[in-house]
>>> print(open('model38.csv').read())   # CSV, C-alpha atoms
chain,number,residue,atom,x,y,z
A,846,MET,CA,-27.3,-116.4,-58.9
A,847,HIS,CA,-25.5,-118.7,-56.4
A,848,GLY,CA,-22.3,-119.6,-58.3
A,849,GLY,CA,-22.1,-117.2,-61.2
A,850,ALA,CA,-20.0,-114.6,-59.2
A,851,VAL,CA,-17.2,-117.2,-58.7
A,852,THR,CA,-17.0,-118.0,-62.4
A,853,ILE,CA,-17.2,-114.4,-63.5
A,854,ALA,CA,-14.6,-113.3,-60.9
A,855,GLY,CA,-12.2,-115.9,-62.3
A,856,LYS,CA,-12.7,-114.7,-65.9
A,857,PHE,CA,-12.4,-111.1,-64.8
A,858,LEU,CA,-9.0,-111.7,-63.1
A,859,ASP,CA,-7.8,-113.7,-66.1
A,860,ARG,CA,-8.3,-110.6,-68.2
A,861,ALA,CA,-5.7,-108.7,-66.2
A,862,SER,CA,-7.4,-105.3,-66.9
A,863,ARG,CA,-8.6,-102.5,-64.7
A,864,PRO,CA,-11.8,-100.8,-66.0
A,865,ASP,CA,-13.0,-97.4,-65.0
A,866,LEU,CA,-16.3,-98.7,-63.8
A,867,ILE,CA,-18.2,-102.0,-63.2
A,868,LEU,CA,-21.8,-102.3,-64.4
A,869,ALA,CA,-23.2,-105.6,-63.1
A,870,GLY,CA,-26.5,-107.2,-64.0
A,871,SER,CA,-28.9,-108.0,-61.1
A,872,MET,CA,-28.5,-111.7,-61.5
A,873,LEU,CA,-24.9,-111.3,-60.2
A,874,ASP,CA,-24.1,-111.6,-56.5
A,875,LEU,CA,-22.0,-108.4,-56.7
A,876,SER,CA,-20.8,-108.6,-53.1
A,877,SER,CA,-19.2,-112.0,-53.7
A,878,PHE,CA,-17.7,-110.8,-57.0
A,879,LEU,CA,-16.1,-107.8,-55.4
A,880,SER,CA,-14.7,-109.8,-52.5
A,881,LEU,CA,-13.2,-112.3,-54.9
A,882,THR,CA,-11.6,-109.6,-57.0
A,883,ARG,CA,-10.8,-107.0,-54.4
A,884,LYS,CA,-7.0,-107.0,-55.3
A,885,VAL,CA,-8.1,-105.4,-58.6
A,886,THR,CA,-11.6,-103.9,-58.0
A,887,ALA,CA,-10.7,-102.0,-54.8
A,888,GLY,CA,-11.2,-98.3,-55.8
A,889,ILE,CA,-13.3,-99.0,-58.9
A,890,PRO,CA,-16.9,-97.8,-58.7
A,891,ALA,CA,-19.4,-100.7,-59.0
A,892,THR,CA,-22.9,-100.2,-60.3
A,893,VAL,CA,-25.8,-102.6,-60.7
A,894,TYR,CA,-28.6,-102.6,-63.2
A,895,PHE,CA,-31.9,-104.2,-62.1
A,896,HIS,CA,-33.7,-105.4,-65.2
A,897,GLU,CA,-35.9,-107.4,-62.8
A,898,ASN,CA,-35.9,-108.0,-59.1
A,899,GLN,CA,-36.4,-111.3,-57.2
A,900,LEU,CA,-38.3,-109.6,-54.4
A,901,ALA,CA,-41.3,-108.8,-56.6
A,902,TYR,CA,-41.0,-111.6,-59.1
A,903,PRO,CA,-44.1,-113.8,-59.1
A,904,TRP,CA,-43.5,-117.4,-57.9
A,905,GLN,CA,-44.9,-120.4,-59.5
A,906,GLU,CA,-46.5,-122.8,-57.0
A,907,THR,CA,-44.6,-125.7,-58.5
A,908,ASP,CA,-41.2,-124.1,-58.2
A,909,ARG,CA,-38.8,-126.3,-56.2
A,910,ASP,CA,-37.2,-123.4,-54.4
A,911,ARG,CA,-40.6,-122.3,-53.0
A,912,GLN,CA,-41.4,-125.8,-52.0
A,913,LYS,CA,-38.1,-126.1,-50.1
A,914,GLY,CA,-38.5,-122.7,-48.4
A,915,ARG,CA,-35.8,-121.0,-50.3
A,916,ASP,CA,-38.0,-118.2,-51.7
A,917,VAL,CA,-36.3,-115.4,-49.7
A,918,HIS,CA,-32.6,-116.2,-50.6
A,919,TYR,CA,-32.7,-114.8,-54.1
A,920,GLY,CA,-34.2,-111.6,-52.8
A,921,PHE,CA,-31.4,-111.4,-50.3
A,922,ILE,CA,-28.8,-111.7,-53.1
A,923,ASN,CA,-30.5,-108.7,-54.8
A,924,TYR,CA,-30.4,-106.9,-51.5
A,925,ILE,CA,-26.8,-107.4,-50.7
A,926,THR,CA,-25.9,-106.6,-54.3
A,927,ALA,CA,-27.7,-103.3,-54.1
A,928,LEU,CA,-26.1,-102.6,-50.7
A,929,SER,CA,-22.6,-103.3,-52.2
A,930,ALA,CA,-23.0,-101.1,-55.2
A,931,ASP,CA,-22.0,-97.5,-55.5
A,932,HIS,CA,-25.1,-96.8,-57.6
A,933,VAL,CA,-28.3,-98.8,-58.4
A,934,PHE,CA,-30.2,-98.5,-61.6
A,935,PHE,CA,-33.7,-99.8,-62.3
A,936,ASN,CA,-35.1,-100.2,-65.8
A,937,SER,CA,-38.5,-98.7,-64.8
A,938,SER,CA,-40.2,-96.8,-61.9
A,939,TYR,CA,-42.4,-99.8,-61.5
A,940,ASN,CA,-39.4,-102.0,-60.9
A,941,MET,CA,-37.9,-99.6,-58.5
A,942,HIS,CA,-41.1,-99.1,-56.5
A,943,SER,CA,-41.7,-102.8,-56.3
A,944,PHE,CA,-38.2,-103.4,-55.0
A,945,PHE,CA,-38.5,-100.8,-52.2
A,946,THR,CA,-42.0,-102.0,-51.3
A,947,GLU,CA,-40.9,-105.6,-50.8
A,948,LEU,CA,-37.4,-105.0,-49.3
A,949,PRO,CA,-38.6,-103.9,-45.8
A,950,ARG,CA,-40.9,-106.9,-45.7
A,951,MET,CA,-38.1,-109.3,-46.5
A,952,LEU,CA,-35.8,-107.7,-43.9
A,953,LYS,CA,-38.4,-108.0,-41.2
A,954,HIS,CA,-38.2,-111.8,-41.6
A,955,PHE,CA,-34.9,-111.7,-39.6
A,956,PRO,CA,-35.4,-111.8,-35.9
A,957,ASP,CA,-32.7,-109.2,-35.0
A,958,PHE,CA,-30.3,-106.8,-36.8
A,959,ASN,CA,-32.7,-106.6,-39.7
A,960,GLU,CA,-31.0,-103.4,-40.9
A,961,LEU,CA,-34.1,-101.6,-42.0
A,962,ASP,CA,-32.2,-98.3,-42.2
A,963,SER,CA,-30.2,-99.8,-45.1
A,964,VAL,CA,-33.3,-99.4,-47.3
A,965,THR,CA,-32.9,-95.6,-47.1
A,966,ARG,CA,-29.2,-95.9,-48.0
A,967,ILE,CA,-30.0,-97.9,-51.1
A,968,ARG,CA,-32.8,-95.7,-52.1
A,969,GLU,CA,-30.6,-92.6,-52.0
A,970,LYS,CA,-28.2,-94.1,-54.5
A,971,SER,CA,-30.9,-95.4,-56.9
A,972,SER,CA,-32.3,-94.1,-60.1
A,973,VAL,CA,-34.3,-95.2,-63.1
A,974,LEU,CA,-32.4,-95.8,-66.4
A,975,PRO,CA,-34.7,-97.2,-69.1
A,976,LEU,CA,-33.5,-100.0,-71.3
A,977,GLY,CA,-32.1,-99.5,-74.8
A,978,ILE,CA,-33.7,-101.6,-77.6
A,979,GLN,CA,-32.2,-102.5,-80.9
A,980,PHE,CA,-35.0,-101.7,-83.4
A,981,PRO,CA,-34.5,-102.5,-87.0
A,982,GLU,CA,-34.5,-99.5,-89.3
A,983,ASP,CA,-37.2,-100.9,-91.6
A,984,ALA,CA,-39.7,-102.2,-89.0
A,985,GLY,CA,-43.2,-101.1,-89.5
A,986,GLN,CA,-42.6,-100.1,-93.1
A,987,GLY,CA,-44.8,-101.6,-95.9
A,988,THR,CA,-46.9,-104.7,-96.0
A,989,ASP,CA,-44.8,-106.9,-98.3
A,990,ALA,CA,-43.4,-108.9,-95.3
A,991,CYS,CA,-46.5,-111.1,-95.3
A,992,PRO,CA,-47.5,-112.6,-98.6
A,993,GLY,CA,-51.2,-113.4,-98.8
A,994,LEU,CA,-52.1,-111.0,-95.9
A,995,SER,CA,-53.4,-107.5,-96.0
A,996,GLY,CA,-54.5,-104.9,-93.6
A,997,ASP,CA,-58.1,-106.2,-94.0
A,998,MET,CA,-57.3,-109.2,-91.7
A,999,PRO,CA,-56.8,-108.8,-88.0
A,1000,VAL,CA,-53.6,-110.6,-86.9
A,1001,ILE,CA,-53.1,-111.1,-83.2
A,1002,ILE,CA,-49.5,-111.2,-81.9
A,1003,TRP,CA,-48.0,-113.1,-78.9
A,1004,ASN,CA,-44.3,-112.3,-78.7
A,1005,HIS,CA,-43.3,-113.2,-75.1
A,1006,ARG,CA,-41.7,-116.1,-73.4
A,1007,TRP,CA,-43.9,-119.2,-73.2
A,1008,GLU,CA,-43.8,-119.1,-69.4
A,1009,TYR,CA,-46.4,-118.8,-66.6
A,1010,ASP,CA,-45.6,-115.2,-65.7
A,1011,LYS,CA,-46.7,-114.1,-69.2
A,1012,ASN,CA,-50.0,-115.8,-68.5
A,1013,PRO,CA,-50.6,-117.8,-71.7
A,1014,ALA,CA,-53.7,-119.3,-70.2
A,1015,GLY,CA,-55.3,-115.9,-69.9
A,1016,PHE,CA,-54.3,-115.0,-73.4
A,1017,PHE,CA,-55.8,-118.1,-75.0
A,1018,LYS,CA,-59.0,-117.7,-72.9
A,1019,VAL,CA,-59.4,-114.3,-74.5
A,1020,LEU,CA,-58.9,-115.8,-78.0
A,1021,ARG,CA,-61.5,-118.5,-77.3
A,1022,ALA,CA,-64.0,-115.8,-76.3
A,1023,LEU,CA,-63.4,-114.1,-79.7
A,1024,SER,CA,-63.7,-117.4,-81.6
A,1025,HIS,CA,-67.0,-118.2,-79.9
A,1026,GLN,CA,-68.4,-114.9,-81.1
A,1027,GLY,CA,-67.6,-116.0,-84.7
A,1028,LEU,CA,-65.0,-113.2,-85.2
A,1029,ASP,CA,-62.4,-113.7,-88.0
A,1030,PHE,CA,-58.8,-113.3,-87.0
A,1031,ARG,CA,-55.4,-114.9,-87.4
A,1032,VAL,CA,-52.7,-115.5,-84.8
A,1033,ILE,CA,-48.9,-115.4,-84.7
A,1034,LEU,CA,-47.2,-117.0,-81.7
A,1035,LEU,CA,-43.6,-116.0,-81.2
A,1036,GLY,CA,-41.3,-116.3,-78.2
A,1037,GLU,CA,-39.0,-118.8,-76.5
A,1038,SER,CA,-39.9,-121.7,-74.2
A,1039,PHE,CA,-37.4,-123.0,-71.7
A,1040,ARG,CA,-39.2,-126.2,-71.2
A,1041,GLN,CA,-41.3,-128.4,-73.4
A,1042,ARG,CA,-44.2,-126.6,-75.1
A,1043,PRO,CA,-46.6,-125.7,-72.2
A,1044,ASP,CA,-50.0,-127.4,-72.3
A,1045,GLU,CA,-51.7,-124.1,-72.9
A,1046,PHE,CA,-50.0,-123.7,-76.3
A,1047,LEU,CA,-50.6,-127.3,-77.4
A,1048,GLN,CA,-54.3,-127.1,-76.6
A,1049,ALA,CA,-54.6,-123.7,-78.3
A,1050,MET,CA,-52.9,-124.9,-81.4
A,1051,ASN,CA,-55.4,-127.7,-81.7
A,1052,GLU,CA,-58.4,-125.4,-81.0
A,1053,LEU,CA,-57.3,-122.5,-83.3
A,1054,GLY,CA,-56.0,-124.7,-86.2
A,1055,ASP,CA,-55.7,-122.7,-89.4
A,1056,ARG,CA,-56.0,-119.4,-87.6
A,1057,ILE,CA,-52.4,-119.8,-86.5
A,1058,LEU,CA,-50.0,-118.5,-89.1
A,1059,HIS,CA,-46.8,-119.2,-87.1
A,1060,ALA,CA,-46.0,-120.8,-83.7
A,1061,GLY,CA,-42.6,-121.0,-82.2
A,1062,PHE,CA,-39.3,-119.4,-81.5
A,1063,VAL,CA,-37.3,-117.9,-84.4
A,1064,GLU,CA,-33.5,-117.7,-84.1
A,1065,ASN,CA,-33.1,-115.0,-86.7
A,1066,ARG,CA,-33.9,-111.5,-85.5
A,1067,ASP,CA,-34.8,-110.2,-89.0
A,1068,GLU,CA,-37.3,-113.1,-89.3
A,1069,TYR,CA,-38.7,-112.2,-85.9
A,1070,PHE,CA,-39.4,-108.6,-86.9
A,1071,ARG,CA,-40.7,-109.8,-90.3
A,1072,LEU,CA,-43.3,-111.9,-88.5
A,1073,LEU,CA,-44.0,-109.0,-86.1
A,1074,ARG,CA,-44.8,-106.8,-89.0
A,1075,CYS,CA,-47.5,-109.3,-90.1
A,1076,GLY,CA,-49.4,-108.5,-86.9
A,1077,ASN,CA,-51.6,-105.6,-86.0
A,1078,LEU,CA,-53.1,-106.4,-82.5
A,1079,LEU,CA,-51.2,-107.0,-79.3
A,1080,PRO,CA,-53.4,-108.1,-76.4
A,1081,VAL,CA,-51.1,-108.6,-73.4
A,1082,THR,CA,-52.2,-110.7,-70.4
A,1083,SER,CA,-48.9,-110.9,-68.5
A,1084,ILE,CA,-48.9,-111.4,-64.7
A,1085,HIS,CA,-45.7,-109.5,-64.4
A,1086,ASP,CA,-43.4,-107.3,-66.5
A,1087,PHE,CA,-40.7,-105.0,-65.2
A,1088,PHE,CA,-40.3,-103.1,-68.4
A,1089,GLY,CA,-41.9,-104.5,-71.6
A,1090,VAL,CA,-39.3,-104.9,-74.4
A,1091,SER,CA,-41.5,-107.3,-76.4
A,1092,VAL,CA,-44.4,-104.8,-76.1
A,1093,CYS,CA,-42.2,-102.0,-77.5
A,1094,GLU,CA,-40.9,-104.2,-80.3
A,1095,ALA,CA,-44.5,-105.1,-81.4
A,1096,ILE,CA,-45.6,-101.5,-81.2
A,1097,TYR,CA,-42.6,-100.4,-83.3
A,1098,ALA,CA,-43.5,-103.1,-85.9
A,1099,GLY,CA,-47.0,-101.8,-86.2
A,1100,SER,CA,-49.3,-103.5,-83.7
A,1101,LEU,CA,-51.9,-101.7,-81.6
A,1102,PRO,CA,-51.3,-102.7,-77.9
A,1103,MET,CA,-54.0,-103.6,-75.4
A,1104,LEU,CA,-52.3,-103.6,-72.0
A,1105,PRO,CA,-53.1,-104.3,-68.3
A,1106,ARG,CA,-52.9,-101.1,-66.4
A,1107,ARG,CA,-51.3,-102.7,-63.3
A,1108,LEU,CA,-47.8,-103.3,-64.6
A,1109,SER,CA,-44.9,-101.2,-66.0
A,1110,TYR,CA,-46.7,-100.4,-69.3
A,1111,PRO,CA,-48.1,-97.0,-68.4
A,1112,GLU,CA,-44.5,-95.7,-68.4
A,1113,LEU,CA,-44.2,-96.7,-72.0
A,1114,ILE,CA,-47.4,-95.1,-73.4
A,1115,PRO,CA,-48.1,-91.3,-73.5
A,1116,GLN,CA,-50.9,-90.2,-71.2
A,1117,GLU,CA,-53.3,-89.2,-74.1
A,1118,PHE,CA,-53.5,-92.8,-75.2
A,1119,HIS,CA,-54.1,-94.5,-71.9
A,1120,GLN,CA,-57.8,-94.7,-72.3
A,1121,ARG,CA,-57.4,-96.2,-75.7
A,1122,VAL,CA,-54.8,-98.8,-74.7
A,1123,PHE,CA,-55.3,-99.9,-71.1
A,1124,TYR,CA,-57.7,-102.3,-69.6
A,1125,ASP,CA,-58.4,-103.4,-66.0
A,1126,THR,CA,-60.2,-106.7,-66.3
A,1127,ASP,CA,-60.2,-109.7,-68.7
A,1128,ASP,CA,-63.8,-108.9,-69.8
A,1129,GLU,CA,-62.7,-105.4,-70.7
A,1130,LEU,CA,-59.9,-106.8,-72.8
A,1131,VAL,CA,-62.4,-109.1,-74.7
A,1132,SER,CA,-64.7,-106.1,-75.3
A,1133,MET,CA,-61.8,-104.0,-76.6
A,1134,LEU,CA,-60.8,-106.7,-79.0
A,1135,THR,CA,-64.4,-107.4,-80.1
A,1136,ARG,CA,-65.0,-103.8,-80.9
A,1137,GLU,CA,-61.7,-103.5,-82.8
A,1138,ILE,CA,-62.2,-106.6,-84.9
A,1139,SER,CA,-65.9,-106.1,-85.5
A,1140,ASP,CA,-65.3,-102.6,-86.8
A,1141,TRP,CA,-62.0,-103.4,-88.4
A,1142,LYS,CA,-62.3,-101.5,-91.6
A,1143,CYS,CA,-64.1,-98.5,-90.1
A,1144,ARG,CA,-61.5,-98.1,-87.4
A,1145,ALA,CA,-58.5,-98.5,-89.8
A,1146,ARG,CA,-57.6,-94.9,-90.1
A,1147,GLU,CA,-57.8,-94.1,-86.4
A,1148,ARG,CA,-55.9,-97.3,-85.6
A,1149,THR,CA,-53.1,-96.4,-88.0
A,1150,GLU,CA,-52.7,-93.0,-86.6
A,1151,THR,CA,-52.6,-94.3,-83.1
A,1152,VAL,CA,-50.0,-96.9,-83.9
A,1153,LYS,CA,-47.9,-94.3,-85.7
A,1154,SER,CA,-47.9,-92.1,-82.6
A,1155,LEU,CA,-47.1,-95.0,-80.3
A,1156,LYS,CA,-44.2,-96.1,-82.5
A,1157,ALA,CA,-42.8,-92.6,-82.2
A,1158,ALA,CA,-43.2,-92.8,-78.4
A,1159,VAL,CA,-41.4,-96.2,-78.0
A,1160,SER,CA,-38.7,-95.0,-80.4
A,1161,ARG,CA,-37.2,-93.0,-77.5
A,1162,PHE,CA,-35.9,-96.3,-76.1
A,1163,SER,CA,-33.8,-97.1,-79.2
A,1164,TRP,CA,-30.1,-97.5,-78.6
A,1165,GLY,CA,-29.5,-94.6,-80.8
A,1166,ASN,CA,-31.2,-92.4,-78.2
A,1167,MET,CA,-30.3,-94.3,-75.1
A,1168,ALA,CA,-26.6,-95.0,-75.7
A,1169,PRO,CA,-25.6,-91.3,-75.2
A,1170,VAL,CA,-27.7,-91.3,-72.0
A,1171,TYR,CA,-25.9,-94.4,-70.7
A,1172,ASP,CA,-22.5,-92.9,-71.6
A,1173,ALA,CA,-23.2,-89.6,-69.8
A,1174,VAL,CA,-24.6,-91.3,-66.6
A,1175,LEU,CA,-21.8,-93.8,-66.3
A,1176,SER,CA,-19.1,-91.3,-67.1
A,1177,ASP,CA,-20.5,-89.0,-64.5
A,1178,ILE,CA,-20.4,-91.7,-61.8
A,1179,ALA,CA,-16.9,-92.8,-62.8
A,1180,GLY,CA,-15.7,-89.2,-62.9
A,1181,ARG,CA,-17.1,-88.3,-59.5
A,1182,PHE,CA,-15.8,-91.5,-57.9
A,1183,HIS,CA,-12.3,-91.2,-59.3
A,1184,GLY,CA,-12.2,-87.5,-58.7
A,1185,ALA,CA,-13.0,-88.1,-55.0
A,1186,THR,CA,-10.3,-90.8,-54.6
A,1187,THR,CA,-7.4,-89.0,-56.3
>>> encode(input="model38.csv", output="structure tokens")
Amino acid sequence: MHGGAVTIAGKFLDRASRPDLILAGSMLDLSSFLSLTRKVTAGIPATVYFHENQLAYPWQETDRDRQKGRDVHYGFINYITALSADHVFFNSSYNMHSFFTELPRMLKHFPDFNELDSVTRIREKSSVLPLGIQFPEDAGQGTDACPGLSGDMPVIIWNHRWEYDKNPAGFFKVLRALSHQGLDFRVILLGESFRQRPDEFLQAMNELGDRILHAGFVENRDEYFRLLRCGNLLPVTSIHDFFGVSVCEAIYAGSLPMLPRRLSYPELIPQEFHQRVFYDTDDELVSMLTREISDWKCRARERTETVKSLKAAVSRFSWGNMAPVYDAVLSDIAGRFHGATT
């Protein structure tokens, strides 16, 4: 976020091309990029897509930037980027709301000229544009992906990053509660770790033993979805999620989600399934899983119908559906901008 704009500006200028529109990710300092490329980008509409925002991102207590008092600067880069853009996209209403809730609080840190009126200017040029997801055509079809397994065995899925904001400690606490009740289940642990395997995972692997069918990141996307199709329960304990790509992928592959109501997930799930899918406390999540696993065969038909409906719901985020939306929105911005400057 600090130096990327310098590198990307150099690569952009080396291309010697002039695009109709710039779409930047929220990790880019757009104001620096535009200033370094102004001899080319002057007159080109610039938009930014917030797949997350640093103003509302949960900080880990051990983070060096927080310890050194730098926890406002990344939010400021997001702010000046949004201010510099001609249009601002957020991947969810939850993301957009969290940004505009936290932005005035950050600006009030400054003793004078805190520019609170700029919040309104940014809001007026902002909108929600959901992510597009590359679903495989065959995901969720058949049970031949998992030799030795059948629908008679509950398989719990974790398919998130192995990082603190996804709350692995809470996830494994729930699994221990199920294990202590003597319930029979298996576990598949997917997702990438950007450091050595966190202690929570190492401890859980020792405790769960043969219950674990797979643990670790898979490079091949086909293999990832094959393993997803082996699962059928998706308890999510994340502290934060601005959209929920991994949740959509697991639902599409055939898992029944159990989701915290507090995050972006209600935007993914049709209202008629909210009571079935959402929980408010960890105890409620344990109860939901206990009921599902204890009555596994009896609930099979209802569970299958629910997952089928939820898969259809998240399918609206496939690139086949979303690409034309992106094309239309970006073309409209480019057309209005160039039409006003000709």
>>> closest_residue(input="model38.csv", among="A:Pro1169, A:Gly920, A:Gly1061, A:Gly870", to="A:Glu947", atoms="only C-alpha atoms")
A:Gly920
>>> residues_around(input="model38.csv", residues="stretch 959-961 of chain A", least_positions_apart="3", cutoff="12 Å", atoms="all atoms listed in the file", output="count of residues only")
20
>>> closest_atom_pairs(input="model38.csv", of="stretch 1053-1163 of chain A", to="stretch 1007-1015 of chain A", cutoff="9 Å", atoms="all atoms listed in the file", output="Markdown table")
| residue | atom | partner | partner_atom | distance |
| --- | --- | --- | --- | --- |
| A:Val1081 | CA | A:Lys1011 | CA | 8.2 |
| A:Thr1082 | CA | A:Asn1012 | CA | 5.9 |
| A:Ser1083 | CA | A:Lys1011 | CA | 3.9 |
| A:Ile1084 | CA | A:Asp1010 | CA | 5.1 |
| A:His1085 | CA | A:Asp1010 | CA | 5.8 |
| A:Asp1086 | CA | A:Lys1011 | CA | 8.0 |
| A:Asp1127 | CA | A:Gly1015 | CA | 8.0 |
>>> closest_residue(input="model38.csv", among="A:Ile1002, A:Val1170, A:Leu1023, A:Leu1035", to="A:Ile1138", atoms="all atoms listed in the file")
A:Leu1023
>>> closest_residue(input="model38.csv", among="A:Arg1146, A:Ser877, A:Phe1030, A:Phe1017", to="A:Met1050", atoms="all atoms listed in the file")
A:Phe1017
>>> closest_residue(input="model38.csv", among="A:Tyr919, A:Phe980, A:Phe878, A:Phe944", to="A:Trp1164", atoms="only C-alpha atoms")
A:Phe980
>>> residues_around(input="model38.csv", residues="stretch 851-855 of chain A", least_positions_apart="3", cutoff="12 Å", atoms="all atoms listed in the file", output="JSON, numbers by chain")
{"A": [846, 847, 848, 858, 859, 860, 861, 869, 870, 872, 873, 874, 875, 876, 877, 878, 879, 880, 881, 882, 883, 884, 885, 886]}
>>> closest_residue(input="model38.csv", among="A:Val1000, A:Leu1079, A:Leu1108, A:Leu866", to="A:Asn940", atoms="all atoms listed in the file")
A:Leu1108
>>> atom_distance(input="model38.csv", atom1="atom CA of A:Ser1154", atom2="atom CA of A:Arg1136")
20.8 Å
>>> closest_residue(input="model38.csv", among="A:Ile1096, A:Ala1060, A:Leu1047, A:Leu1113", to="A:Leu1034", atoms="all atoms listed in the file")
A:Ala1060
>>> atom_distance(input="model38.csv", atom1="atom CA of A:Arg1107", atom2="atom CA of A:Glu1094")
20.0 Å
>>> residues_near_point(input="model38.csv", point="(-55.2, -106.3, -69.3)", cutoff="6 Å", atoms="all atoms listed in the file", output="VMD selection string")
chain A and resid 1082 1104 to 1105 1124 to 1126 1130
>>> atom_distance(input="model38.csv", atom1="atom CA of A:Glu897", atom2="atom CA of A:Ser871")
7.2 Å
>>> residues_around(input="model38.csv", residues="stretch 1117-1123 of chain A", least_positions_apart="5", cutoff="9 Å", atoms="all atoms listed in the file", output="ChimeraX atom specification")
/A:1101-1106,1110-1111,1130,1133,1151,1155
>>> write_last_selection(input="model38.csv", atoms="C-alpha atoms", output="compact mmCIF listing (two decimals), keeping the file's coordinate frame")
# COMPACT_ATOMS: atom_id res chain seq x y z
CA LEU A 1101 -51.90 -101.70 -81.60
CA PRO A 1102 -51.30 -102.70 -77.90
CA MET A 1103 -54.00 -103.60 -75.40
CA LEU A 1104 -52.30 -103.60 -72.00
CA PRO A 1105 -53.10 -104.30 -68.30
CA ARG A 1106 -52.90 -101.10 -66.40
CA TYR A 1110 -46.70 -100.40 -69.30
CA PRO A 1111 -48.10 -97.00 -68.40
CA LEU A 1130 -59.90 -106.80 -72.80
CA MET A 1133 -61.80 -104.00 -76.60
CA THR A 1151 -52.60 -94.30 -83.10
CA LEU A 1155 -47.10 -95.00 -80.30
